[in-house]
file data_10.txt (compact mmCIF, C-alpha atoms and all ligand atoms)
# COMPACT_ATOMS: atom_id res chain seq x y z
CA MET N 241 0.00 0.00 0.00
CA ALA N 242 1.24 3.49 -0.85
CA SER N 243 2.54 5.56 2.08
CA ILE N 244 0.56 8.59 3.20
CA PHE N 245 3.30 10.73 1.66
CA SER N 246 3.06 8.95 -1.72
CA ARG N 247 -0.67 9.62 -1.59
CA ILE N 248 0.07 13.30 -0.95
CA VAL N 249 2.39 13.41 -3.98
CA ALA N 250 -0.34 11.71 -6.06
CA GLY N 251 -2.83 14.37 -4.96
CA GLU N 252 -5.05 11.82 -3.18
CA ILE N 253 -4.54 13.51 0.20
CA PRO N 254 -4.40 17.31 0.56
CA CYS N 255 -1.30 19.11 1.77
CA TYR N 256 0.14 22.59 2.04
CA LYS N 257 2.53 22.25 -0.88
CA VAL N 258 5.72 24.29 -0.86
CA ALA N 259 7.79 23.06 -3.81
CA GLU N 260 8.29 20.22 -6.26
CA ASP N 261 10.76 19.05 -8.87
CA ALA N 262 10.95 15.91 -10.99
CA ASN N 263 12.13 13.70 -8.11
CA ASN N 264 11.21 15.49 -4.89
CA PHE N 265 8.34 17.18 -3.10
CA ALA N 266 8.05 19.56 -0.12
CA PHE N 267 5.03 20.43 2.03
CA LEU N 268 4.25 21.75 5.50
CA ASP N 269 4.27 19.35 8.42
CA ILE N 270 0.68 19.15 9.63
CA ASN N 271 1.82 19.19 13.28
CA PRO N 272 4.62 21.76 13.18
CA VAL N 273 7.13 22.09 15.99
CA ALA N 274 7.67 25.68 14.74
CA LYS N 275 6.05 27.96 12.17
CA GLY N 276 7.31 26.98 8.73
CA HIS N 277 8.15 23.36 9.61
CA VAL N 278 8.57 21.70 6.21
CA LEU N 279 8.93 18.06 5.17
CA VAL N 280 11.06 17.29 2.12
CA ILE N 281 10.58 13.88 0.53
CA PRO N 282 11.73 11.88 -2.49
CA LYS N 283 8.84 10.94 -4.77
CA HIS N 284 10.27 7.42 -4.93
CA GLU N 285 8.86 5.72 -1.84
CA VAL N 286 11.72 4.36 0.25
CA ASP N 287 11.35 3.99 4.02
CA TYR N 288 14.90 4.64 5.21
CA LEU N 289 16.69 7.77 3.99
CA PHE N 290 20.04 6.00 3.67
CA ASP N 291 18.51 3.30 1.45
CA LEU N 292 18.04 5.88 -1.31
CA SER N 293 20.38 5.49 -4.26
CA ASP N 294 23.31 7.91 -4.37
CA GLU N 295 21.56 9.84 -7.15
CA GLU N 296 18.27 10.04 -5.24
CA TYR N 297 20.01 11.06 -2.03
CA ALA N 298 22.02 13.78 -3.77
CA SER N 299 18.93 15.04 -5.57
CA LEU N 300 16.92 15.18 -2.33
CA THR N 301 19.73 16.96 -0.48
CA LEU N 302 20.13 19.61 -3.17
CA PHE N 303 16.38 20.08 -3.35
CA ALA N 304 16.22 20.49 0.46
CA LYS N 305 18.94 23.13 0.21
CA ARG N 306 16.79 25.16 -2.20
CA VAL N 307 13.71 24.73 0.01
CA ALA N 308 15.73 25.83 3.07
CA ALA N 309 16.81 29.01 1.25
CA ALA N 310 13.19 29.82 0.40
CA LEU N 311 12.09 28.99 3.95
CA LYS N 312 14.68 31.32 5.47
CA LYS N 313 13.42 34.17 3.31
CA ALA N 314 9.75 33.47 4.08
CA ILE N 315 10.23 32.97 7.84
CA PRO N 316 13.13 35.11 9.02
CA CYS N 317 15.21 33.04 11.46
CA VAL N 318 18.78 32.58 12.61
CA LYS N 319 19.13 29.27 10.74
CA VAL N 320 17.06 26.51 9.20
CA GLY N 321 17.61 23.33 11.19
CA GLU N 322 17.52 19.89 9.57
CA ALA N 323 16.50 16.61 11.19
CA VAL N 324 15.73 13.08 10.07
CA LEU N 325 13.70 10.78 12.30
CA GLY N 326 11.33 8.72 10.21
CA LEU N 327 9.92 6.49 12.93
CA GLU N 328 6.31 7.52 12.33
CA VAL N 329 5.91 7.59 8.55
CA PRO N 330 7.79 4.89 6.56
CA HIS N 331 8.65 7.20 3.66
CA ALA N 332 12.01 8.97 3.88
CA HIS N 333 11.67 12.64 4.79
CA ILE N 334 13.81 15.53 5.97
CA HIS N 335 12.40 17.98 8.51
CA LEU N 336 13.38 21.61 7.83
CA ILE N 337 12.61 23.91 10.76
CA PRO N 338 13.24 27.66 11.16
CA ILE N 339 15.20 28.07 14.40
CA ASN N 340 16.30 30.97 16.57
CA LYS N 341 17.29 28.88 19.59
CA GLU N 342 18.01 25.21 20.25
CA SER N 343 14.61 24.49 21.77
CA ASP N 344 12.91 25.40 18.47
CA MET N 345 14.01 21.95 17.26
CA ASN N 346 12.43 20.14 20.21
CA PHE N 347 10.22 17.36 18.85
CA PHE N 348 8.92 16.48 22.32
CA LYS N 349 7.19 19.76 23.12
CA GLU N 350 3.55 20.32 22.30
CA LYS N 351 3.09 20.78 18.55
CA LEU N 352 1.59 23.99 17.14
CA GLN N 353 -1.93 24.00 15.80
CA LEU N 354 -2.18 26.75 13.20
CA PRO N 355 -5.37 27.77 11.41
CA ALA N 356 -5.65 26.50 7.82
CA GLU N 357 -5.52 30.07 6.55
CA GLU N 358 -2.15 30.66 8.24
CA MET N 359 -0.74 27.32 7.03
CA MET N 360 -1.79 28.30 3.51
CA GLN N 361 -0.12 31.71 3.82
CA ILE N 362 3.12 30.15 5.13
CA ALA N 363 3.19 27.59 2.30
CA GLU N 364 2.50 30.25 -0.32
CA SER N 365 5.18 32.51 1.06
CA ILE N 366 7.81 29.74 0.97
CA ALA N 367 6.67 28.72 -2.52
CA ALA N 368 6.99 32.32 -3.72
CA ASN N 369 10.64 32.38 -2.59
CA PHE N 370 11.55 28.97 -4.05
CA GLN N 371 14.09 29.16 -6.88
P1 LIG G 1 8.70 11.08 11.75
O1 LIG G 1 8.35 9.90 10.89
O2 LIG G 1 8.94 10.72 13.19
O3 LIG G 1 9.82 11.91 11.18
O4 LIG G 1 7.42 12.04 11.80
C1 LIG G 1 6.53 12.14 10.72
C2 LIG G 1 6.08 13.57 10.56
O5 LIG G 1 5.12 13.62 9.53
C3 LIG G 1 5.43 14.18 11.82
O6 LIG G 1 6.08 15.40 12.15
C4 LIG G 1 3.97 14.39 11.39
O7 LIG G 1 3.40 15.55 11.96
C5 LIG G 1 4.09 14.51 9.89
N1 LIG G 1 2.90 14.10 9.17
C6 LIG G 1 2.20 12.96 9.28
N2 LIG G 1 1.16 12.92 8.43
C7 LIG G 1 1.19 14.11 7.75
C8 LIG G 1 0.38 14.69 6.73
N3 LIG G 1 -0.69 14.06 6.23
N4 LIG G 1 0.71 15.92 6.28
C9 LIG G 1 1.78 16.58 6.77
N5 LIG G 1 2.59 16.08 7.73
C10 LIG G 1 2.30 14.86 8.21
call {"tool": "encode", "arguments": {"input": "data_10.txt", "output": "structure tokens", "more": "lines below"}}
Ligand code: AMP
result
Amino acid sequence: MASIFSRIVAGEIPCYKVAEDANNFAFLDINPVAKGHVLVIPKHEVDYLFDLSDEEYASLTLFAKRVAAALKKAIPCVKVGEAVLGLEVPHAHIHLIPINKESDMNFFKEKLQLPAEEMMQIAESIAANFQ
């Protein structure tokens, strides 16, 4: 069965899309740890990030770099932090999170619940800065 993320790429499940290229896709995390929390995924469904082929891994990494640049413009922050966990959804993904202090990357604190309108504005603003 296709992963929830493959179903998002296929358009079967809605998302707040941020960017896309031939091999990769980026959208807002539905339970953000900080405003502008983005997930970057390969379209090819592979559970474990380090099982991607060298080409897929390089493509995903370079795509994430472009998304991070757009994210930093859309949500001013000291840096964009990157994390890989992958214990919940078995489809490789990189978390990109705008951070101003270490605790902004804390996955154990209560997640934000932002109104749909705000999520849409954040996604649109990142998308507008994506090059
Ligand atoms: P992990 O696999 O531990 O890296 O966590 C999976 C992440 O995917 C969590 O931060 C979830 O909030 C996020 N997530 C799960 N389902 C969706 C969805 N349908 N849309 C956006 N984000 C999701």
call {"tool": "atom_distance", "arguments": {"input": "data_10.txt", "atom1": "atom CA of His331 of chain N", "atom2": "atom CA of Phe348 of chain N"}}
result
20.8 Å
call {"tool": "residues_near_ligand", "arguments": {"input": "data_10.txt", "ligand": "ligand LIG 1 (chain G)", "cutoff": "7 Å", "atoms": "all atoms listed in the file", "output": "count of residues only"}}
result
17
call {"tool": "closest_residue", "arguments": {"input": "data_10.txt", "among": "N:Met360, N:Ile248, N:Val258, N:Leu292", "to": "Arg306 of chain N", "atoms": "all atoms listed in the file"}}
result
N:Val258
call {"tool": "atom_distance", "arguments": {"input": "data_10.txt", "atom1": "atom CA of Leu300 of chain N", "atom2": "atom CA of Ala367 of chain N"}}
result
17.0 Å
call {"tool": "residues_around", "arguments": {"input": "data_10.txt", "residues": "segment 313-317 of chain N", "least_positions_apart": "5", "cutoff": "6 Å", "atoms": "only C-alpha atoms", "output": "list in words"}}
result
Pro338, Ile339, Asn340, Ser365 and Ile366 of chain N
call {"tool": "atom_distance", "arguments": {"input": "data_10.txt", "atom1": "atom CA of Asn346 of chain N", "atom2": "atom CA of Ala242 of chain N"}}
result
29.1 Å
call {"tool": "closest_residue", "arguments": {"input": "data_10.txt", "among": "N:Ala368, N:Val249, N:Val320, N:Ile362", "to": "Lys305 of chain N", "atoms": "all atoms listed in the file"}}
result
N:Val320
call {"tool": "closest_residue", "arguments": {"input": "data_10.txt", "among": "N:Val307, N:Ala363, N:Ala259, N:Leu354", "to": "Ala274 of chain N", "atoms": "only C-alpha atoms"}}
result
N:Leu354
call {"tool": "closest_residue", "arguments": {"input": "data_10.txt", "among": "N:Lys312, N:Phe303, N:Phe347, N:Phe265", "to": "Glu285 of chain N", "atoms": "only C-alpha atoms"}}
result
N:Phe265
call {"tool": "closest_residue", "arguments": {"input": "data_10.txt", "among": "N:Gln353, N:Asn369, N:Ser299, N:Ser343", "to": "Ala262 of chain N", "atoms": "all atoms listed in the file"}}
result
N:Ser299
call {"tool": "closest_residue", "arguments": {"input": "data_10.txt", "among": "N:Leu289, N:Leu336, N:Glu322, N:Glu260", "to": "Phe370 of chain N", "atoms": "all atoms listed in the file"}}
result
N:Glu260
call {"tool": "decode", "arguments": {"input": "data_10.txt", "residues": "segment 314-351 of chain N", "atoms": "N, CA, C and O atoms", "output": "CSV table (one decimal), in the first residue's frame"}}
result
chain,number,residue,atom,x,y,z
N,314,ALA,N,11.2,33.3,3.7
N,314,ALA,CA,9.8,33.5,4.1
N,314,ALA,C,9.6,33.6,5.6
N,314,ALA,O,8.7,34.4,6.0
N,315,ILE,N,10.3,32.9,6.4
N,315,ILE,CA,10.2,33.0,7.8
N,315,ILE,C,11.6,33.4,8.4
N,315,ILE,O,12.5,32.5,8.6
N,316,PRO,N,11.8,34.7,8.6
N,316,PRO,CA,13.1,35.1,9.0
N,316,PRO,C,13.5,34.4,10.3
N,316,PRO,O,12.7,34.3,11.2
N,317,CYS,N,14.7,33.9,10.3
N,317,CYS,CA,15.2,33.0,11.5
N,317,CYS,C,16.7,33.0,11.5
N,317,CYS,O,17.4,33.4,10.5
N,318,VAL,N,17.3,32.6,12.6
N,318,VAL,CA,18.8,32.6,12.6
N,318,VAL,C,19.3,31.5,11.6
N,318,VAL,O,20.2,31.8,10.8
N,319,LYS,N,18.7,30.3,11.7
N,319,LYS,CA,19.1,29.3,10.7
N,319,LYS,C,17.9,28.4,10.5
N,319,LYS,O,16.9,28.4,11.2
N,320,VAL,N,18.0,27.6,9.4
N,320,VAL,CA,17.1,26.5,9.2
N,320,VAL,C,17.7,25.2,9.7
N,320,VAL,O,18.8,24.8,9.2
N,321,GLY,N,17.1,24.6,10.7
N,321,GLY,CA,17.6,23.3,11.2
N,321,GLY,C,17.1,22.2,10.4
N,321,GLY,O,16.0,22.2,9.7
N,322,GLU,N,17.9,21.1,10.3
N,322,GLU,CA,17.5,19.9,9.6
N,322,GLU,C,17.5,18.7,10.5
N,322,GLU,O,18.5,18.5,11.3
N,323,ALA,N,16.5,17.8,10.4
N,323,ALA,CA,16.5,16.6,11.2
N,323,ALA,C,15.9,15.5,10.4
N,323,ALA,O,15.0,15.7,9.5
N,324,VAL,N,16.3,14.3,10.7
N,324,VAL,CA,15.7,13.1,10.1
N,324,VAL,C,15.4,12.1,11.2
N,324,VAL,O,16.3,11.8,12.0
N,325,LEU,N,14.1,11.8,11.3
N,325,LEU,CA,13.7,10.8,12.3
N,325,LEU,C,13.1,9.6,11.5
N,325,LEU,O,13.7,8.6,11.4
N,326,GLY,N,11.9,9.7,11.1
N,326,GLY,CA,11.3,8.7,10.2
N,326,GLY,C,10.8,7.5,10.9
N,326,GLY,O,10.6,6.5,10.3
N,327,LEU,N,10.5,7.6,12.2
N,327,LEU,CA,9.9,6.5,12.9
N,327,LEU,C,8.4,6.4,12.8
N,327,LEU,O,7.8,5.4,13.1
N,328,GLU,N,7.8,7.5,12.4
N,328,GLU,CA,6.3,7.5,12.3
N,328,GLU,C,5.8,7.2,10.9
N,328,GLU,O,4.9,6.3,10.8
N,329,VAL,N,6.4,7.8,9.9
N,329,VAL,CA,5.9,7.6,8.5
N,329,VAL,C,7.0,6.9,7.8
N,329,VAL,O,8.1,7.4,7.7
N,330,PRO,N,6.7,5.7,7.2
N,330,PRO,CA,7.8,4.9,6.6
N,330,PRO,C,8.0,5.3,5.1
N,330,PRO,O,7.9,4.6,4.2
N,331,HIS,N,8.3,6.6,5.0
N,331,HIS,CA,8.7,7.2,3.7
N,331,HIS,C,9.7,8.3,4.0
N,331,HIS,O,9.3,9.3,4.7
N,332,ALA,N,10.9,8.1,3.5
N,332,ALA,CA,12.0,9.0,3.9
N,332,ALA,C,11.6,10.4,3.8
N,332,ALA,O,10.9,10.8,2.8
N,333,HIS,N,12.0,11.2,4.8
N,333,HIS,CA,11.7,12.6,4.8
N,333,HIS,C,12.7,13.4,5.7
N,333,HIS,O,13.1,12.9,6.7
N,334,ILE,N,12.9,14.6,5.2
N,334,ILE,CA,13.8,15.5,6.0
N,334,ILE,C,12.9,16.6,6.6
N,334,ILE,O,12.1,17.2,5.9
N,335,HIS,N,13.1,16.9,7.9
N,335,HIS,CA,12.4,18.0,8.5
N,335,HIS,C,13.3,19.2,8.4
N,335,HIS,O,14.5,19.2,8.7
N,336,LEU,N,12.7,20.3,7.9
N,336,LEU,CA,13.4,21.6,7.8
N,336,LEU,C,12.6,22.5,8.8
N,336,LEU,O,11.4,22.7,8.6
N,337,ILE,N,13.3,23.1,9.7
N,337,ILE,CA,12.6,23.9,10.8
N,337,ILE,C,13.3,25.2,11.0
N,337,ILE,O,14.5,25.2,11.3
N,338,PRO,N,12.6,26.4,10.9
N,338,PRO,CA,13.2,27.7,11.2
N,338,PRO,C,13.6,27.7,12.7
N,338,PRO,O,12.7,27.5,13.5
N,339,ILE,N,14.8,28.0,13.0
N,339,ILE,CA,15.2,28.1,14.4
N,339,ILE,C,15.9,29.4,14.8
N,339,ILE,O,16.7,29.9,14.0
N,340,ASN,N,15.6,29.8,16.0
N,340,ASN,CA,16.3,31.0,16.6
N,340,ASN,C,17.0,30.6,17.8
N,340,ASN,O,17.9,31.3,18.3
N,341,LYS,N,16.6,29.4,18.4
N,341,LYS,CA,17.3,28.9,19.6
N,341,LYS,C,17.1,27.4,19.5
N,341,LYS,O,16.3,26.8,18.8
N,342,GLU,N,18.0,26.7,20.3
N,342,GLU,CA,18.0,25.2,20.2
N,342,GLU,C,16.6,24.6,20.5
N,342,GLU,O,16.3,23.6,19.8
N,343,SER,N,15.9,25.1,21.4
N,343,SER,CA,14.6,24.5,21.8
N,343,SER,C,13.6,24.6,20.6
N,343,SER,O,12.5,23.9,20.7
N,344,ASP,N,13.8,25.4,19.6
N,344,ASP,CA,12.9,25.4,18.5
N,344,ASP,C,12.9,24.1,17.7
N,344,ASP,O,12.0,23.8,16.9
N,345,MET,N,13.9,23.3,17.9
N,345,MET,CA,14.0,21.9,17.3
N,345,MET,C,13.5,20.8,18.2
N,345,MET,O,13.8,19.7,17.9
N,346,ASN,N,12.8,21.2,19.2
N,346,ASN,CA,12.4,20.1,20.2
N,346,ASN,C,11.2,19.4,19.7
N,346,ASN,O,10.1,20.0,19.7
N,347,PHE,N,11.3,18.1,19.4
N,347,PHE,CA,10.2,17.4,18.8
N,347,PHE,C,9.3,16.8,20.0
N,347,PHE,O,8.3,16.3,19.7
N,348,PHE,N,9.7,17.0,21.2
N,348,PHE,CA,8.9,16.5,22.3
N,348,PHE,C,7.9,17.5,22.9
N,348,PHE,O,7.1,17.1,23.7
N,349,LYS,N,8.1,18.8,22.6
N,349,LYS,CA,7.2,19.8,23.1
N,349,LYS,C,5.9,19.7,22.4
N,349,LYS,O,5.8,19.1,21.3
N,350,GLU,N,4.9,20.3,22.9
N,350,GLU,CA,3.5,20.3,22.3
N,350,GLU,C,3.6,21.0,20.9
N,350,GLU,O,4.2,22.0,20.7
N,351,LYS,N,3.0,20.3,19.9
N,351,LYS,CA,3.1,20.8,18.6
N,351,LYS,C,2.2,22.0,18.4
N,351,LYS,O,1.2,22.1,19.1
